[in-house]
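Below is the file input_27.cif, which contains mmCIF, C-alpha atoms.
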```cif
data_run
#
loop_
_atom_site.label_atom_id
_atom_site.label_comp_id
_atom_site.auth_asym_id
_atom_site.auth_seq_id
_atom_site.Cartn_x
_atom_site.Cartn_y
_atom_site.Cartn_z
CA ASP E 1469 -0.60 -56.91 -40.77
CA TYR E 1470 1.29 -60.10 -39.96
CA LEU E 1471 4.77 -58.86 -40.91
CA ARG E 1472 4.38 -55.75 -38.75
CA VAL E 1473 3.31 -57.86 -35.77
CA MET E 1474 6.31 -60.15 -36.32
CA ALA E 1475 8.64 -57.15 -36.49
CA ASP E 1476 7.21 -55.51 -33.36
CA ARG E 1477 6.92 -58.50 -31.03
CA ASP E 1478 9.18 -60.83 -29.16
CA PRO E 1479 8.45 -64.24 -30.74
CA LEU E 1480 8.54 -66.15 -27.44
CA THR E 1481 6.42 -64.00 -25.11
CA ASN E 1482 4.45 -61.97 -27.67
CA ALA E 1483 5.41 -58.87 -25.68
CA TYR E 1484 6.58 -55.89 -27.69
CA ASN E 1485 10.30 -55.96 -28.42
CA ARG E 1486 12.90 -53.43 -27.31
CA ARG E 1487 12.85 -51.44 -30.55
CA THR E 1488 9.08 -51.05 -30.38
CA LEU E 1489 9.30 -50.20 -26.67
CA TYR E 1490 11.36 -47.12 -27.50
CA GLU E 1491 8.94 -46.10 -30.28
CA PHE E 1492 5.97 -46.32 -27.90
CA LEU E 1493 7.78 -44.66 -25.02
CA GLU E 1494 9.13 -41.76 -27.07
CA ALA E 1495 5.62 -41.16 -28.48
CA GLU E 1496 4.18 -41.14 -24.93
CA VAL E 1497 6.91 -38.78 -23.71
CA GLN E 1498 6.09 -36.42 -26.59
CA ARG E 1499 2.39 -36.68 -25.76
CA VAL E 1500 2.77 -35.77 -22.07
CA ARG E 1501 5.26 -33.04 -22.97
CA ARG E 1502 2.73 -31.48 -25.33
CA TYR E 1503 -0.60 -32.12 -23.59
CA GLY E 1504 0.31 -32.84 -19.97
CA GLY E 1505 -0.90 -35.79 -17.98
CA ALA E 1506 0.92 -38.67 -16.37
CA LEU E 1507 3.21 -41.40 -17.63
CA SER E 1508 4.79 -44.15 -15.58
CA VAL E 1509 7.04 -47.08 -16.36
CA ILE E 1510 7.55 -50.32 -14.48
CA MET E 1511 10.55 -52.55 -15.10
CA PHE E 1512 10.74 -56.01 -13.59
CA ASP E 1513 13.22 -58.83 -13.62
CA ILE E 1514 12.65 -62.49 -12.78
CA ASP E 1515 14.67 -63.22 -9.64
CA ARG E 1516 17.23 -66.03 -9.91
CA PHE E 1517 16.26 -66.73 -13.52
CA LYS E 1518 19.71 -68.12 -14.30
CA GLU E 1519 19.12 -70.80 -11.66
CA ILE E 1520 15.83 -71.78 -13.35
CA ASN E 1521 17.63 -72.18 -16.67
CA ASP E 1522 20.62 -73.97 -15.12
CA ASP E 1523 18.60 -76.31 -12.87
CA LEU E 1524 15.55 -77.00 -15.05
CA GLY E 1525 16.74 -76.20 -18.56
CA HIS E 1526 16.11 -73.39 -21.02
CA LEU E 1527 12.75 -74.78 -22.14
CA ALA E 1528 11.53 -74.52 -18.55
CA GLY E 1529 12.87 -70.98 -18.39
CA ASP E 1530 11.02 -70.16 -21.61
CA ARG E 1531 7.79 -71.52 -20.13
CA VAL E 1532 8.21 -69.28 -17.08
CA LEU E 1533 8.80 -66.25 -19.33
CA VAL E 1534 5.68 -66.99 -21.37
CA ALA E 1535 3.53 -67.60 -18.27
CA ILE E 1536 4.67 -64.40 -16.58
CA ALA E 1537 4.08 -62.35 -19.73
CA GLU E 1538 0.55 -63.76 -20.00
CA LEU E 1539 -0.18 -63.16 -16.31
CA VAL E 1540 1.03 -59.55 -16.52
CA ARG E 1541 -0.76 -58.82 -19.79
CA GLU E 1542 -4.07 -59.91 -18.19
CA GLN E 1543 -3.64 -57.18 -15.56
CA LEU E 1544 -2.94 -54.33 -17.97
CA ARG E 1545 -5.34 -51.89 -19.59
CA GLY E 1546 -5.67 -51.70 -23.36
CA ILE E 1547 -3.46 -48.59 -23.54
CA ASP E 1548 -0.64 -50.11 -21.47
CA ARG E 1549 2.22 -51.84 -23.26
CA LEU E 1550 4.17 -54.88 -22.07
CA CYS E 1551 7.63 -55.03 -23.61
CA ARG E 1552 10.42 -57.58 -23.25
CA TYR E 1553 13.45 -55.45 -22.50
CA SER E 1554 16.05 -58.21 -22.40
CA GLY E 1555 16.33 -61.88 -21.45
CA GLU E 1556 14.26 -61.94 -18.27
CA GLU E 1557 13.51 -58.23 -17.97
CA PHE E 1558 10.19 -56.68 -18.94
CA LEU E 1559 8.98 -53.10 -19.04
CA VAL E 1560 5.41 -51.84 -18.75
CA ILE E 1561 4.56 -48.46 -20.27
CA ALA E 1562 1.54 -47.05 -18.41
CA PRO E 1563 0.19 -43.86 -20.06
CA GLY E 1564 -2.07 -41.69 -17.93
CA THR E 1565 -0.82 -43.39 -14.77
CA GLY E 1566 0.72 -41.42 -11.93
CA PRO E 1567 3.30 -42.75 -9.48
CA ARG E 1568 0.83 -43.87 -6.80
CA HIS E 1569 -1.18 -46.02 -9.23
CA ALA E 1570 1.98 -47.35 -10.91
CA ILE E 1571 3.34 -48.48 -7.53
CA ALA E 1572 0.00 -50.14 -6.76
CA LEU E 1573 0.11 -51.95 -10.12
CA ALA E 1574 3.69 -53.12 -9.50
CA GLU E 1575 2.73 -54.40 -6.04
CA ARG E 1576 -0.28 -56.22 -7.49
CA LEU E 1577 1.88 -57.82 -10.21
CA ARG E 1578 4.54 -58.73 -7.65
CA GLY E 1579 1.95 -60.48 -5.49
CA LEU E 1580 0.24 -62.28 -8.38
CA ILE E 1581 3.53 -63.62 -9.73
CA ALA E 1582 4.69 -64.72 -6.27
CA ALA E 1583 1.35 -66.50 -5.68
CA ALA E 1584 1.24 -68.17 -9.09
CA SER E 1585 2.15 -71.80 -9.51
CA PHE E 1586 4.11 -72.51 -12.65
CA ASP E 1587 4.06 -75.97 -14.16
CA VAL E 1588 7.87 -76.21 -14.13
CA ILE E 1589 8.65 -74.56 -10.78
CA ALA E 1590 6.58 -73.96 -7.67
CA ARG E 1591 7.45 -70.32 -6.97
CA VAL E 1592 8.92 -67.40 -8.88
CA THR E 1593 9.47 -63.87 -7.67
CA CYS E 1594 10.26 -60.67 -9.53
CA SER E 1595 11.96 -57.43 -8.54
CA PHE E 1596 10.30 -54.21 -9.70
CA GLY E 1597 11.42 -50.65 -10.36
CA VAL E 1598 8.74 -47.97 -10.76
CA CYS E 1599 8.99 -44.33 -11.79
CA ALA E 1600 6.97 -41.58 -13.39
CA TRP E 1601 8.06 -39.18 -16.10
CA GLU E 1602 9.16 -35.98 -14.42
CA GLY E 1603 9.30 -33.37 -17.12
CA GLU E 1604 12.35 -33.06 -19.29
CA GLU E 1605 13.74 -36.56 -19.68
CA ASN E 1606 13.55 -38.47 -22.93
CA ALA E 1607 12.68 -42.16 -23.30
CA ASP E 1608 16.32 -43.26 -22.80
CA ALA E 1609 16.65 -41.33 -19.55
CA LEU E 1610 13.36 -42.69 -18.25
CA VAL E 1611 14.42 -46.27 -19.02
CA ARG E 1612 17.80 -45.70 -17.33
CA ARG E 1613 16.07 -44.38 -14.21
CA VAL E 1614 13.59 -47.26 -13.96
CA ASP E 1615 16.43 -49.74 -14.63
CA ASP E 1616 18.41 -48.25 -11.72
CA LEU E 1617 15.35 -48.61 -9.50
CA MET E 1618 14.87 -52.23 -10.54
CA TYR E 1619 18.48 -52.96 -9.59
CA ARG E 1620 17.90 -51.23 -6.25
CA ALA E 1621 14.93 -53.58 -5.71
CA ARG E 1622 17.08 -56.61 -6.61
CA ARG E 1623 19.66 -55.56 -4.02
CA ALA E 1624 16.88 -55.27 -1.42
CA GLY E 1625 16.02 -58.94 -1.94
CA PRO E 1626 13.81 -61.13 -4.12
CA GLY E 1627 10.29 -59.89 -4.68
CA SER E 1628 11.02 -56.25 -3.85
CA VAL E 1629 9.66 -53.03 -5.32
CA ALA E 1630 11.71 -49.81 -5.49
CA ALA E 1631 10.03 -46.59 -6.58
CA GLU E 1632 10.57 -42.88 -6.75
#
```
Give the structure from this file in structure tokens form.
Amino acid sequence: DYLRVMADRDPLTNAYNRRTLYEFLEAEVQRVRRYGGALSVIMFDIDRFKEINDDLGHLAGDRVLVAIAELVREQLRGIDRLCRYSGEEFLVIAPGTGPRHAIALAERLRGLIAAASFDVIARVTCSFGVCAWEGEENADALVRRVDDLMYRARRAGPGSVAAE
């Protein structure tokens, strides 16, 4: 129903919003806790996004956000969820995906974004954090861990991936 979609989605990128992210992630954590299996999360941040907004304007920044969300969504399976975590940060929930495949997905996304040509700017890179659910953590703890990894990737330099 239209109102539910509007409540669950970020209006700019059509990615799920932060509230819905936690609903999905907590449900997936409960599922793997009960039935086993794998669960990975990938968080990524657009490198130097403030410079895009400052140099080219917020409308250009919005166009980059929309284009990246579309590019990433095209690479995901039907059960994966793309969520906008904050301004230029996104999170992918990948049920049934172990760490090796999650790292491969992050590397593929990193390469596709770096190779893409955006109509407002020639090149954009993203920094990625990747981790798998390890057993007892809840959704909040998993998001904190992947966020820390994403910041580790940012410190390593634009277009980096940090995983554990």
Selection result of the PyMOL selection byres ((chain E and resi 1533) around 10) on this file, as a PDB file with C-alpha atoms, keeping the file's coordinate frame:
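The result, written out as result.pdb:
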```
ATOM      1  CA  LEU E1480       8.540 -66.150 -27.440  1.00  0.00           C
ATOM      2  CA  THR E1481       6.420 -64.000 -25.110  1.00  0.00           C
ATOM      3  CA  ILE E1514      12.650 -62.490 -12.780  1.00  0.00           C
ATOM      4  CA  PHE E1517      16.260 -66.730 -13.520  1.00  0.00           C
ATOM      5  CA  LEU E1527      12.750 -74.780 -22.140  1.00  0.00           C
ATOM      6  CA  ALA E1528      11.530 -74.520 -18.550  1.00  0.00           C
ATOM      7  CA  GLY E1529      12.870 -70.980 -18.390  1.00  0.00           C
ATOM      8  CA  ASP E1530      11.020 -70.160 -21.610  1.00  0.00           C
ATOM      9  CA  ARG E1531       7.790 -71.520 -20.130  1.00  0.00           C
ATOM     10  CA  VAL E1532       8.210 -69.280 -17.080  1.00  0.00           C
ATOM     11  CA  VAL E1534       5.680 -66.990 -21.370  1.00  0.00           C
ATOM     12  CA  ALA E1535       3.530 -67.600 -18.270  1.00  0.00           C
ATOM     13  CA  ILE E1536       4.670 -64.400 -16.580  1.00  0.00           C
ATOM     14  CA  ALA E1537       4.080 -62.350 -19.730  1.00  0.00           C
ATOM     15  CA  GLU E1538       0.550 -63.760 -20.000  1.00  0.00           C
ATOM     16  CA  LEU E1539      -0.180 -63.160 -16.310  1.00  0.00           C
ATOM     17  CA  ARG E1552      10.420 -57.580 -23.250  1.00  0.00           C
ATOM     18  CA  GLY E1555      16.330 -61.880 -21.450  1.00  0.00           C
ATOM     19  CA  GLU E1556      14.260 -61.940 -18.270  1.00  0.00           C
ATOM     20  CA  GLU E1557      13.510 -58.230 -17.970  1.00  0.00           C
ATOM     21  CA  PHE E1558      10.190 -56.680 -18.940  1.00  0.00           C
TER      22      PHE E1558
END
```
> Residues picked by the PyMOL selection byres ((chain E and resi 1568) around 12) here, as an NGL selection string?
Replying inline: :E and (1506-1509 or 1564-1567 or 1569-1575 or 1598-1600 or 1631-1632)
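Coordinates place atom CA of E:His1526 at a distance of 20.2 Å from atom CA of E:Arg1477.
Of the residues listed (E:Ala1562, E:Asp1548, E:Ile1589, E:Ala1483), E:Ile1589 shows the shortest atom-to-atom separation from E:Leu1524; distances use only C-alpha atoms.
Nearest to E:Pro1563 of all the residues E:Glu1542, E:Glu1519, E:Asp1476, E:Glu1496 is E:Glu1496, counting all atoms listed in the file.
Candidate residues E:Tyr1553, E:Phe1512, E:Tyr1490, E:Tyr1619 were compared for distance to E:Cys1594, and the nearest is E:Phe1512, using all atoms listed in the file.
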Expanded to explicit residues, what is the PyMOL selection byres ((chain E and resi 1596) around 7) for this file, as a PDB file with C-alpha atoms, keeping the file's coordinate frame?
```pdb
ATOM      1  CA  ILE E1510       7.550 -50.320 -14.480  1.00  0.00           C
ATOM      2  CA  MET E1511      10.550 -52.550 -15.100  1.00  0.00           C
ATOM      3  CA  PHE E1512      10.740 -56.010 -13.590  1.00  0.00           C
ATOM      4  CA  ASP E1513      13.220 -58.830 -13.620  1.00  0.00           C
ATOM      5  CA  ALA E1574       3.690 -53.120  -9.500  1.00  0.00           C
ATOM      6  CA  CYS E1594      10.260 -60.670  -9.530  1.00  0.00           C
ATOM      7  CA  SER E1595      11.960 -57.430  -8.540  1.00  0.00           C
ATOM      8  CA  GLY E1597      11.420 -50.650 -10.360  1.00  0.00           C
ATOM      9  CA  VAL E1598       8.740 -47.970 -10.760  1.00  0.00           C
ATOM     10  CA  MET E1618      14.870 -52.230 -10.540  1.00  0.00           C
ATOM     11  CA  ALA E1621      14.930 -53.580  -5.710  1.00  0.00           C
ATOM     12  CA  SER E1628      11.020 -56.250  -3.850  1.00  0.00           C
ATOM     13  CA  VAL E1629       9.660 -53.030  -5.320  1.00  0.00           C
ATOM     14  CA  ALA E1630      11.710 -49.810  -5.490  1.00  0.00           C
TER      15      ALA E1630
END
```
> So how far away is atom CA of E:Ser1554 from atom CA of E:Asp1615, in Å?
Replying inline: 11.5 Å
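For the residues E:Glu1494, E:Asp1587, E:Thr1488, E:Asn1482, ranking by smallest atom-to-atom distance to E:Val1540 using all atoms listed in the file places E:Asn1482 first.
Distances here use all atoms listed in the file; by that measure, the residue among E:Arg1486, E:Ala1583, E:Ala1590, E:Ile1561 closest to E:Ile1520 is E:Ala1590.
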Starting from 4 Å padding per side, set up an axis-aligned box that covers all listed atoms of stretch 1571-1590 of chain E and hand over centre and edge lengths in Å, one decimal, as JSON.
```
{"center_x": 4.2, "center_y": -62.3, "center_z": -9.8, "size_x": 16.9, "size_y": 35.7, "size_z": 16.7}
```
